[in-house]
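> Below is structure04.cif; it holds mmCIF, C-alpha atoms and all ligand atoms.
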data_run
loop_
_atom_site.label_atom_id
_atom_site.label_comp_id
_atom_site.auth_asym_id
_atom_site.auth_seq_id
_atom_site.Cartn_x
_atom_site.Cartn_y
_atom_site.Cartn_z
CA MET A 879 -3.86 18.14 -9.19
CA LEU A 880 -4.38 14.96 -7.19
CA LEU A 881 -6.99 15.32 -4.43
CA MET A 882 -7.69 12.88 -1.63
CA PRO A 883 -11.19 11.35 -1.97
CA SER A 884 -13.50 13.26 0.39
CA VAL A 885 -14.57 10.09 2.16
CA LEU A 886 -10.94 9.46 3.14
CA THR A 887 -10.31 13.11 4.05
CA ASN A 888 -13.17 12.88 6.57
CA ALA A 889 -11.91 9.61 8.06
CA TYR A 890 -8.33 10.87 8.25
CA LYS A 891 -9.30 14.18 9.89
CA SER A 892 -11.51 12.40 12.44
CA GLU A 893 -8.73 9.97 13.31
CA LEU A 894 -6.17 12.77 13.72
CA ASP A 895 -8.63 14.75 15.83
CA SER A 896 -9.37 11.78 18.10
CA ARG A 897 -5.63 11.52 18.78
CA GLY A 898 -5.07 15.24 19.36
CA LEU A 899 -2.91 15.44 16.21
CA LEU A 900 -5.05 17.50 13.85
CA ALA A 901 -3.54 20.94 14.57
CA LYS A 902 0.00 19.57 14.37
CA ALA A 903 -0.71 17.77 11.10
CA LYS A 904 -2.32 20.91 9.62
CA ALA A 905 0.73 22.97 10.55
CA GLY A 906 3.02 20.54 8.68
CA THR A 907 6.73 20.00 9.24
CA GLU A 908 10.02 20.90 7.61
CA LYS A 909 11.50 17.53 8.56
CA LYS A 910 12.40 15.44 5.51
CA GLU A 911 13.33 11.98 6.80
CA ILE A 912 10.05 10.53 8.09
CA HIS A 913 9.74 6.79 7.49
CA GLY A 914 7.64 5.56 10.41
CA GLY A 915 9.23 2.84 12.49
CA GLY A 916 8.81 0.60 15.48
CA SER A 917 8.21 3.33 18.10
CA ASP A 918 4.86 5.00 18.81
CA ASP A 919 6.31 8.48 18.20
CA GLU A 920 7.73 7.55 14.78
CA THR A 921 4.43 5.95 13.81
CA LEU A 922 2.31 8.94 14.83
CA GLU A 923 4.73 11.35 13.15
CA HIS A 924 4.37 9.38 9.90
CA PHE A 925 0.59 9.30 10.29
CA ALA A 926 0.39 13.07 10.85
CA PHE A 927 2.81 14.14 8.10
CA ARG A 928 3.06 11.38 5.50
CA PHE A 929 -0.23 9.47 5.46
CA ALA A 930 -1.82 11.73 2.82
CA VAL A 931 1.14 11.66 0.46
CA SER A 932 1.50 7.87 0.82
CA ALA A 933 -2.21 7.35 0.13
CA GLY A 934 -1.88 9.72 -2.82
CA ARG A 935 0.69 7.48 -4.51
CA VAL A 936 -1.62 4.49 -4.41
CA GLU A 937 -4.54 6.62 -5.59
CA PHE A 938 -2.43 7.99 -8.46
CA VAL A 939 -1.42 4.47 -9.52
CA ALA A 940 -5.07 3.37 -9.42
CA LEU A 941 -6.30 6.32 -11.47
CA ALA A 942 -3.28 6.88 -13.73
CA PRO A 943 -4.24 10.28 -15.08
CA ASP A 944 -0.71 10.04 -16.47
CA GLU A 945 -0.61 7.71 -19.50
CA LYS A 946 2.73 6.30 -18.36
CA LEU A 947 1.00 4.30 -15.65
CA ALA A 948 -1.99 3.22 -17.74
CA GLU A 949 -0.96 -0.45 -17.78
CA VAL A 950 -0.85 -0.67 -13.97
CA SER A 951 -4.06 1.28 -13.60
CA ASP A 952 -5.91 -0.93 -16.09
CA ALA A 953 -4.74 -4.04 -14.22
CA PHE A 954 -5.75 -2.49 -10.87
CA MET A 955 -9.23 -1.53 -12.09
CA SER A 956 -9.79 -4.91 -13.69
CA THR A 957 -8.69 -6.83 -10.56
CA PHE A 958 -10.79 -4.74 -8.18
CA SER A 959 -13.89 -4.60 -10.39
CA GLU A 960 -15.86 -7.53 -8.90
CA GLY A 961 -15.67 -10.95 -7.24
CA HIS A 962 -13.28 -11.93 -4.46
CA VAL A 963 -9.80 -10.42 -4.29
CA ALA A 964 -7.12 -11.19 -1.68
CA LEU A 965 -4.83 -8.32 -0.69
CA LEU A 966 -1.63 -8.52 1.36
CA ASP A 967 -0.77 -5.01 2.55
CA ILE A 968 2.85 -4.81 3.78
CA PRO A 969 4.37 -3.04 5.60
CA CYS A 970 0.93 -1.66 6.28
CA GLY A 971 1.86 1.31 8.48
CA THR A 972 -1.27 3.21 9.51
CA GLY A 973 -3.31 2.07 6.52
CA SER A 974 -2.65 4.54 3.73
CA CYS A 975 -2.54 1.85 1.03
CA LEU A 976 -5.80 0.10 1.91
CA ALA A 977 -7.52 3.40 2.72
CA ALA A 978 -6.54 4.73 -0.72
CA VAL A 979 -7.71 1.57 -2.51
CA LEU A 980 -11.08 1.54 -0.72
CA SER A 981 -11.79 5.27 -0.92
CA THR A 982 -10.82 5.44 -4.60
CA LEU A 983 -13.04 2.50 -5.54
CA PHE A 984 -15.87 3.91 -3.39
CA SER A 985 -15.66 7.37 -5.00
CA LEU A 986 -15.52 6.05 -8.56
CA ARG A 987 -18.49 3.76 -7.93
CA GLU A 988 -20.47 6.49 -6.18
CA ALA A 989 -19.89 8.87 -9.09
CA GLY A 990 -20.96 6.18 -11.59
CA VAL A 991 -17.55 6.13 -13.27
CA ILE A 992 -17.17 2.36 -12.81
CA PRO A 993 -19.86 -0.31 -12.39
CA THR A 994 -21.08 -1.22 -8.90
CA GLN A 995 -20.67 -4.98 -8.90
CA PRO A 996 -20.32 -7.05 -5.73
CA LEU A 997 -16.70 -7.00 -4.59
CA THR A 998 -15.18 -8.71 -1.55
CA ILE A 999 -11.62 -7.89 -0.51
CA SER A 1000 -9.87 -10.10 2.06
CA VAL A 1001 -7.06 -8.06 3.51
CA MET A 1002 -4.11 -9.22 5.58
CA ALA A 1003 -2.04 -6.31 6.86
CA GLY A 1004 1.31 -6.67 8.63
CA ASP A 1005 3.75 -4.29 10.27
CA CYS A 1006 6.26 -4.41 13.14
CA SER A 1007 4.79 -1.33 14.85
CA PRO A 1008 1.92 -2.15 17.27
CA LYS A 1009 0.88 1.53 17.25
CA ALA A 1010 0.64 1.45 13.44
CA LEU A 1011 -1.67 -1.58 13.61
CA GLU A 1012 -3.86 0.21 16.17
CA VAL A 1013 -4.14 3.39 14.05
CA TYR A 1014 -4.67 1.32 10.87
CA TRP A 1015 -7.61 -0.51 12.40
CA SER A 1016 -9.18 2.62 13.78
CA THR A 1017 -8.77 4.65 10.56
CA VAL A 1018 -9.94 1.96 8.15
CA SER A 1019 -12.88 1.12 10.44
CA ARG A 1020 -14.17 4.65 9.79
CA LEU A 1021 -14.48 3.76 6.08
CA LEU A 1022 -15.83 0.21 6.29
CA PRO A 1023 -19.52 0.96 7.09
CA LEU A 1024 -19.76 3.33 4.11
CA LEU A 1025 -18.56 0.78 1.58
CA GLU A 1026 -21.66 -1.39 1.78
CA SER A 1027 -23.66 1.19 -0.18
CA GLN A 1028 -21.29 0.59 -3.11
CA ALA A 1029 -21.39 -3.23 -2.81
CA ILE A 1030 -17.86 -3.46 -1.39
CA SER A 1031 -17.27 -5.74 1.58
CA VAL A 1032 -13.96 -6.08 3.38
CA GLN A 1033 -12.61 -8.81 5.64
CA LEU A 1034 -9.65 -7.40 7.53
CA ARG A 1035 -6.95 -8.99 9.66
CA LEU A 1036 -3.92 -7.26 11.11
CA GLN A 1037 -0.81 -8.96 12.37
CA ASP A 1038 2.40 -8.03 14.07
CA TRP A 1039 5.00 -8.93 11.43
CA ASP A 1040 8.76 -8.53 11.31
CA ALA A 1041 9.76 -8.50 7.66
CA THR A 1042 13.16 -10.00 8.46
CA LEU A 1043 11.74 -13.15 10.09
CA GLY A 1044 10.72 -16.22 8.10
CA LYS A 1045 8.54 -17.50 10.95
CA ASP A 1046 6.56 -14.23 11.15
CA THR A 1047 6.11 -14.30 7.39
CA ALA A 1048 4.85 -17.90 7.46
CA ARG A 1049 2.30 -16.96 10.16
CA LEU A 1050 1.19 -13.92 8.15
CA LEU A 1051 0.64 -16.01 5.03
CA ASP A 1052 -1.16 -18.84 6.86
CA SER A 1053 -3.54 -16.32 8.34
CA TRP A 1054 -4.07 -14.61 4.96
CA PHE A 1055 -4.72 -17.87 3.11
CA ASP A 1056 -7.24 -18.85 5.81
CA MET A 1057 -9.42 -16.00 4.50
CA THR A 1058 -8.78 -16.28 0.80
CA ALA A 1059 -10.04 -19.68 -0.34
CA GLY A 1060 -11.98 -18.99 -3.52
CA ALA A 1061 -10.32 -15.63 -4.21
CA GLU A 1062 -9.90 -15.11 -7.94
CA GLU A 1063 -6.70 -13.13 -7.53
CA HIS A 1064 -4.06 -12.56 -4.86
CA VAL A 1065 -2.44 -9.11 -4.80
CA VAL A 1066 0.62 -8.31 -2.70
CA CYS A 1067 1.07 -4.57 -2.27
CA ILE A 1068 4.38 -3.37 -0.86
CA SER A 1069 4.43 0.37 -0.35
CA ASN A 1070 7.00 2.86 0.85
CA PHE A 1071 9.43 0.28 2.21
CA ASN A 1072 12.61 1.71 0.68
CA GLY A 1073 13.45 3.72 3.82
CA ALA A 1074 13.66 0.56 5.91
CA LEU A 1075 15.03 -1.80 3.27
CA ILE A 1076 17.77 0.42 1.86
CA GLY A 1077 17.95 3.23 4.45
CA ALA A 1078 18.04 0.90 7.46
CA GLY A 1079 19.82 -1.85 5.52
CA ILE A 1080 17.45 -4.80 6.02
CA LEU A 1081 17.00 -5.73 2.35
CA ASP A 1082 19.17 -8.86 2.59
CA GLN A 1083 17.17 -10.13 5.56
CA PHE A 1084 13.88 -9.36 3.81
CA THR A 1085 14.55 -11.04 0.46
CA PRO A 1086 14.16 -14.64 1.78
CA CYS A 1087 10.80 -13.57 3.22
CA LEU A 1088 9.79 -12.04 -0.12
CA ASN A 1089 10.81 -15.32 -1.73
CA GLN A 1090 8.59 -17.16 0.75
CA ILE A 1091 5.61 -14.87 0.03
CA LEU A 1092 5.88 -15.27 -3.74
CA SER A 1093 6.66 -18.99 -3.58
CA ARG A 1094 3.50 -19.61 -1.56
CA LEU A 1095 1.58 -18.02 -4.45
CA TYR A 1096 2.97 -20.63 -6.89
CA ASP A 1097 -0.48 -22.00 -7.80
CA LYS A 1098 -2.48 -18.76 -7.62
CA LYS A 1099 -3.25 -15.99 -10.06
CA SER A 1100 -1.21 -13.28 -8.41
CA THR A 1101 0.39 -9.88 -8.73
CA LEU A 1102 3.05 -8.03 -6.78
CA LEU A 1103 2.62 -4.27 -6.88
CA TRP A 1104 5.49 -2.29 -5.42
CA VAL A 1105 4.94 1.44 -4.87
CA GLU A 1106 7.64 3.93 -3.81
CA PRO A 1107 8.28 7.66 -4.10
CA GLU A 1108 10.50 8.51 -7.04
CA THR A 1109 13.72 8.66 -5.05
CA LYS A 1110 17.17 7.98 -6.45
CA SER A 1111 17.72 5.31 -3.83
CA ALA A 1112 14.60 3.35 -4.85
CA LYS A 1113 15.40 3.79 -8.54
CA THR A 1114 19.08 2.87 -8.49
CA LYS A 1115 19.28 0.47 -5.54
CA LEU A 1116 15.97 -1.04 -4.46
CA PHE A 1117 14.18 -1.79 -7.74
CA PRO A 1118 17.22 -3.14 -9.63
CA LYS A 1119 18.08 -5.42 -6.68
CA ILE A 1120 14.52 -6.71 -6.42
CA ALA A 1121 14.27 -7.33 -10.18
CA GLU A 1122 17.62 -9.16 -10.13
CA TYR A 1123 16.60 -11.22 -7.10
CA LEU A 1124 13.30 -12.28 -8.65
CA GLN A 1125 14.94 -13.16 -11.97
CA LYS A 1126 17.48 -15.33 -10.15
CA PHE A 1127 15.32 -17.05 -7.56
CA ILE A 1128 11.68 -16.74 -8.66
CA PRO A 1129 11.87 -16.33 -12.45
CA TRP A 1130 8.24 -17.35 -12.89
CA PHE A 1131 7.31 -14.14 -11.00
CA ALA A 1132 8.28 -11.81 -13.80
CA SER A 1133 8.00 -8.09 -14.22
CA SER A 1134 5.34 -7.21 -16.76
CA ALA A 1135 6.41 -7.75 -20.38
CA GLY A 1136 10.00 -8.23 -19.25
CA VAL A 1137 10.24 -4.57 -18.23
CA THR A 1138 12.71 -4.24 -15.40
CA VAL A 1139 12.60 -0.46 -15.03
CA PRO A 1140 9.78 0.81 -12.81
CA MET A 1141 7.18 3.15 -14.25
CA ALA A 1142 7.35 6.63 -12.76
CA ALA A 1143 5.33 9.84 -12.71
CA SER A 1144 5.41 13.26 -11.04
CA TYR A 1145 2.32 15.28 -10.24
CA GLN A 1146 0.91 18.09 -8.10
CA THR A 1147 -1.18 17.24 -5.07
CA LYS A 1148 -3.08 19.13 -2.41
CA ASN A 1149 -2.73 18.40 1.31
CA PRO A 1150 -6.33 17.66 2.41
CA LEU A 1151 -5.75 19.26 5.84
CA ASN A 1152 -4.41 22.67 4.89
CA GLU A 1153 -4.99 22.88 1.09
CA PHE A 1154 -1.25 23.35 0.62
CA GLU A 1155 -0.26 22.43 -2.97
CA HIS A 1156 3.02 20.62 -3.51
CA PRO A 1157 4.74 18.27 -5.96
CA SER A 1158 4.79 14.53 -5.38
CA SER A 1159 5.94 11.49 -7.30
CA VAL A 1160 5.53 7.77 -7.58
CA GLN A 1161 7.35 4.88 -9.10
CA VAL A 1162 5.73 1.52 -9.35
CA GLN A 1163 6.72 -1.90 -10.51
CA LYS A 1164 4.29 -4.71 -11.25
CA PHE A 1165 5.34 -8.36 -11.23
CA ASN A 1166 2.97 -11.14 -12.27
CA ARG A 1167 2.89 -14.84 -11.60
CA THR A 1168 3.36 -16.12 -15.16
C1 LIG A 1201 7.28 4.53 5.40
S1 LIG A 1201 6.27 3.48 6.34
C2 LIG A 1201 5.18 2.88 5.07
C3 LIG A 1201 3.87 2.40 5.61
C4 LIG A 1201 2.77 2.25 4.55
N1 LIG A 1201 3.07 1.20 3.60
C5 LIG A 1201 2.56 3.58 3.85
O1 LIG A 1201 2.78 3.64 2.65
O2 LIG A 1201 2.16 4.53 4.52
C6 LIG A 1201 7.34 2.12 6.64
C7 LIG A 1201 6.73 1.07 7.55
O3 LIG A 1201 7.64 -0.02 7.61
C8 LIG A 1201 7.53 -0.59 8.88
N2 LIG A 1201 8.72 -1.41 9.12
C9 LIG A 1201 10.00 -1.00 9.23
N3 LIG A 1201 10.81 -2.06 9.44
C10 LIG A 1201 10.01 -3.16 9.45
C11 LIG A 1201 10.23 -4.55 9.63
N4 LIG A 1201 11.45 -5.03 9.84
N5 LIG A 1201 9.18 -5.38 9.59
C12 LIG A 1201 7.92 -4.91 9.37
N6 LIG A 1201 7.64 -3.61 9.19
C13 LIG A 1201 8.67 -2.74 9.22
C14 LIG A 1201 7.40 0.60 9.81
O4 LIG A 1201 6.85 0.26 11.06
C15 LIG A 1201 6.51 1.53 8.98
O5 LIG A 1201 5.16 1.37 9.32
#
What would you get if you wrote out this structure as structure tokens?


Amino acid sequence: MLLMPSVLTNAYKSELDSRGLLAKAKAGTEKKEIHGGGSDDETLEHFAFRFAVSAGRVEFVALAPDEKLAEVSDAFMSTFSEGHVALLDIPCGTGSCLAAVLSTLFSLREAGVIPTQPLTISVMAGDCSPKALEVYWSTVSRLLPLLESQAISVQLRLQDWDATLGKDTARLLDSWFDMTAGAEEHVVCISNFNGALIGAGILDQFTPCLNQILSRLYDKKSTLLWVEPETKSAKTKLFPKIAEYLQKFIPWFASSAGVTVPMAASYQTKNPLNEFEHPSSVQVQKFNRT
């Protein structure tokens, strides 16, 4: 049973409460297709009903209680153990990915499960929804002051970014690299983007921008971590297309050990707002600069 770290549950509840969304989020929804989006309403709907499950996927990948994901989890824990790490969080939505990374590391360090060594994370987060950037900043800011006690410091920048525009992507990367001189590793985390890429059909416009992101990492130790729910669409359309694209245009950014099929796992999780237990799933693919 995957539980949200209590430090994140508190921050999430406070943020929902401050926006008058807590009761609605606790009540839940029957609606299935919730992918966020450019409008304020779509963003707040995703924050109320999907933030926890999205954060849970990243937490599950980090912890890998399921042996199938052990390789990704080991790499994650090793990267975020100490030193200076650069993280590009796209499309960042309301912050579930970074919030899960920070709260998981905080909780493991606080419980003495992993060593508390100085760790700096320089985060660049981009999304096309201004409301998402606002909620991201506000939610993550609730966690930042607590991290100091576990020797974690975070530099955070947010930017309006349209994933289909090369110019926006160049600006995003310039701003990220401004912060990351001296970082030992650059990590690009793409999470829950299948709905827009396949569902809304923007994959072909995004791939040149993905090429730009990975090409700019040509001289850096770097990893691309792509996290999605275990949907048929991600499994049969998104991941095969991405693997094929990388092999063709950026072959030096290879999937780990030549594996082109994403790793996947299903698990039970508990909604931190109403204790409702339900199944969830994740599939993840890791590509490394070789
Ligand atoms: C399902 S949400 C995922 C957000 C976050 N990664 C998470 O896991 O919670 C999809 C996000 O993609 C963003 N998005 C959709 N189309 C986009 C585009 N063309 N450029 C940038 N972001 C986009 C939406 O605003 C939304 O925040």

> Any residue with an atom at most 8 Å from ligand LIG 1201 (chain A) counts, using all atoms listed in the file. Which are they? Put them as a VMD selection string.

chain A and resid 912 to 917 921 924 to 925 928 to 929 932 to 933 967 to 975 1004 to 1007 1010 1038 to 1042 1068 to 1075 1080 1084

> My list of candidates is A:Glu937, A:Glu949, A:Asp1046, A:Glu960. Which is closest to Ile1091 (chain A) when distances are computed with all atoms listed in the file?

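Closest to Ile1091 (chain A), using all atoms listed in the file: A:Asp1046.
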
> Would you pick out the contacts of Glu1026 (chain A) at 12 Å or less, using all atoms listed in the file, so that residues sharing its chain but fewer than 3 positions from it are not included, and give the list as a CSV table (one decimal) with C-alpha atoms, in the coordinates of the input?


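Dumped everything to result_9.csv:
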chain,number,residue,atom,x,y,z
A,980,LEU,CA,-11.1,1.5,-0.7
A,983,LEU,CA,-13.0,2.5,-5.5
A,984,PHE,CA,-15.9,3.9,-3.4
A,987,ARG,CA,-18.5,3.8,-7.9
A,988,GLU,CA,-20.5,6.5,-6.2
A,994,THR,CA,-21.1,-1.2,-8.9
A,995,GLN,CA,-20.7,-5.0,-8.9
A,996,PRO,CA,-20.3,-7.0,-5.7
A,997,LEU,CA,-16.7,-7.0,-4.6
A,998,THR,CA,-15.2,-8.7,-1.6
A,1021,LEU,CA,-14.5,3.8,6.1
A,1022,LEU,CA,-15.8,0.2,6.3
A,1023,PRO,CA,-19.5,1.0,7.1
A,1029,ALA,CA,-21.4,-3.2,-2.8
A,1030,ILE,CA,-17.9,-3.5,-1.4
A,1031,SER,CA,-17.3,-5.7,1.6
A,1032,VAL,CA,-14.0,-6.1,3.4

> Have a look at CA of Leu1151 (chain A) and CA of Val1105 (chain A) and let me know their distance in Å, one decimal.

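Separation between CA of Leu1151 (chain A) and CA of Val1105 (chain A): 23.4 Å.
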
> Any idea what's packed within 10 Å of region 1056-1065 of chain A, counting only C-alpha atoms, ignoring anything in its chain fewer than 6 positions away? Could you give it as a list in words?

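Skipping anything fewer than 6 positions along the chain leaves Phe954, Thr957, Phe958, Glu960, Gly961, His962, Val963, Ala964, Leu965, Leu966, Asp967, Thr998, Ile999, Ser1000, Val1001, Met1002, Gln1033, Leu1034, Arg1035, Leu1095, Lys1098, Lys1099, Ser1100, Thr1101, Leu1102, Leu1103, Asn1166 and Arg1167 of chain A.
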
> So what do you get for CA of Leu947 (chain A) versus CA of Ser1159 (chain A), distance-wise?

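Calculated distance between CA of Leu947 (chain A) and CA of Ser1159 (chain A) is 12.1 Å.
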
> CA of Ser896 (chain A) to CA of Leu1036 (chain A): how many Å, to one decimal?

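Separation of CA of Ser896 (chain A) and CA of Leu1036 (chain A): 21.0 Å.
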
> I'd like the neighbourhood of Ala901 (chain A) as a ChimeraX atom specification, where a residue qualifies if any of its atoms comes within 10 Å (using only C-alpha atoms), though same-chain residues fewer than 5 positions away should be ignored.

/A:894-895,906,926,1151-1152

> What lies within 10 Å of Pro1129 (chain A) using only C-alpha atoms, ignoring chain neighbours under 5 positions off, as an NGL selection string?

:A and (1121-1124 or 1167-1168)

> With all atoms listed in the file as the basis for distance, which of A:Ser981, A:Ser1093, A:Thr1085, A:Asn1149 is at the shortest distance from Val1018 (chain A)?

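Result for the nearest residue to Val1018 (chain A): A:Ser981.
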
> Calculated over all atoms listed in the file, which of the candidates A:Cys1067, A:Val1139, A:Leu922, A:Met955 has the smallest distance to Lys1009 (chain A)?

A:Leu922

> Can you work out which one of A:Asn1089, A:Gln1163, A:Ser1158, A:Gln1037 has the shortest atom-to-atom distance to Ser951 (chain A), counting all atoms listed in the file?

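Answer, going by the shortest atom-to-atom distance: A:Gln1163.
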
> Considering all atoms listed in the file, can you say which of A:Pro1107, A:Pro883, A:Gly1079, A:Pro1157 comes closest to Ala1142 (chain A)?

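The shortest atom-to-atom distance to Ala1142 (chain A) comes from A:Pro1107.
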
> Measuring between all atoms listed in the file, which one of A:Arg897, A:Arg1094, A:Val931, A:Glu923 shows the shortest distance to Thr1147 (chain A)?

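Closest to Thr1147 (chain A), using all atoms listed in the file: A:Val931.
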
> Since the input lacks some atoms of region 902-927 of chain A, please model N, CA and C atoms and print them as a short mmCIF file (atom, residue, chain, number, x, y, z; two decimals), keeping the file's coordinate frame.


data_model
loop_
_atom_site.label_atom_id
_atom_site.label_comp_id
_atom_site.auth_asym_id
_atom_site.auth_seq_id
_atom_site.Cartn_x
_atom_site.Cartn_y
_atom_site.Cartn_z
N LYS A 902 -1.41 19.83 14.71
CA LYS A 902 0.00 19.57 14.37
C LYS A 902 0.13 19.14 12.90
N ALA A 903 -0.76 18.26 12.48
CA ALA A 903 -0.71 17.77 11.10
C ALA A 903 -1.02 18.89 10.11
N LYS A 904 -1.97 19.76 10.49
CA LYS A 904 -2.32 20.91 9.62
C LYS A 904 -1.14 21.86 9.48
N ALA A 905 -0.40 22.04 10.57
CA ALA A 905 0.73 22.97 10.55
C ALA A 905 1.87 22.45 9.67
N GLY A 906 1.97 21.13 9.52
CA GLY A 906 3.02 20.54 8.68
C GLY A 906 4.37 20.55 9.37
N THR A 907 5.39 20.07 8.67
CA THR A 907 6.73 20.00 9.24
C THR A 907 7.77 20.22 8.15
N GLU A 908 8.91 20.73 8.55
CA GLU A 908 10.02 20.90 7.61
C GLU A 908 10.87 19.63 7.52
N LYS A 909 10.65 18.73 8.49
CA LYS A 909 11.50 17.53 8.56
C LYS A 909 11.35 16.68 7.30
N LYS A 910 12.45 16.20 6.75
CA LYS A 910 12.40 15.44 5.51
C LYS A 910 12.34 13.92 5.74
N GLU A 911 13.22 13.43 6.61
CA GLU A 911 13.33 11.98 6.80
C GLU A 911 12.27 11.47 7.78
N ILE A 912 11.11 11.10 7.24
CA ILE A 912 10.05 10.53 8.09
C ILE A 912 9.63 9.21 7.46
N HIS A 913 10.01 8.10 8.10
CA HIS A 913 9.74 6.79 7.49
C HIS A 913 8.88 5.90 8.38
N GLY A 914 8.33 6.43 9.47
CA GLY A 914 7.64 5.56 10.41
C GLY A 914 8.70 4.74 11.14
N GLY A 915 8.25 3.67 11.79
CA GLY A 915 9.23 2.84 12.49
C GLY A 915 8.57 2.15 13.65
N GLY A 916 9.37 1.43 14.42
CA GLY A 916 8.81 0.60 15.48
C GLY A 916 8.20 1.40 16.63
N SER A 917 8.69 2.63 16.90
CA SER A 917 8.21 3.33 18.10
C SER A 917 6.88 4.05 17.83
N ASP A 918 6.16 4.31 18.93
CA ASP A 918 4.86 5.00 18.81
C ASP A 918 5.04 6.40 18.21
N ASP A 919 6.09 7.11 18.68
CA ASP A 919 6.31 8.48 18.20
C ASP A 919 6.58 8.50 16.69
N GLU A 920 7.42 7.60 16.23
CA GLU A 920 7.73 7.55 14.78
C GLU A 920 6.48 7.23 13.98
N THR A 921 5.66 6.34 14.51
CA THR A 921 4.43 5.95 13.81
C THR A 921 3.46 7.12 13.72
N LEU A 922 3.27 7.83 14.84
CA LEU A 922 2.31 8.94 14.83
C LEU A 922 2.82 10.11 14.00
N GLU A 923 4.12 10.29 13.99
CA GLU A 923 4.73 11.35 13.15
C GLU A 923 4.45 11.04 11.67
N HIS A 924 4.63 9.77 11.29
CA HIS A 924 4.37 9.38 9.90
C HIS A 924 2.89 9.55 9.58
N PHE A 925 2.03 9.18 10.52
CA PHE A 925 0.59 9.30 10.29
C PHE A 925 0.19 10.77 10.09
N ALA A 926 0.75 11.65 10.93
CA ALA A 926 0.39 13.07 10.85
C ALA A 926 0.93 13.73 9.57
N PHE A 927 2.15 13.37 9.17
CA PHE A 927 2.81 14.14 8.10
C PHE A 927 2.99 13.41 6.77
#
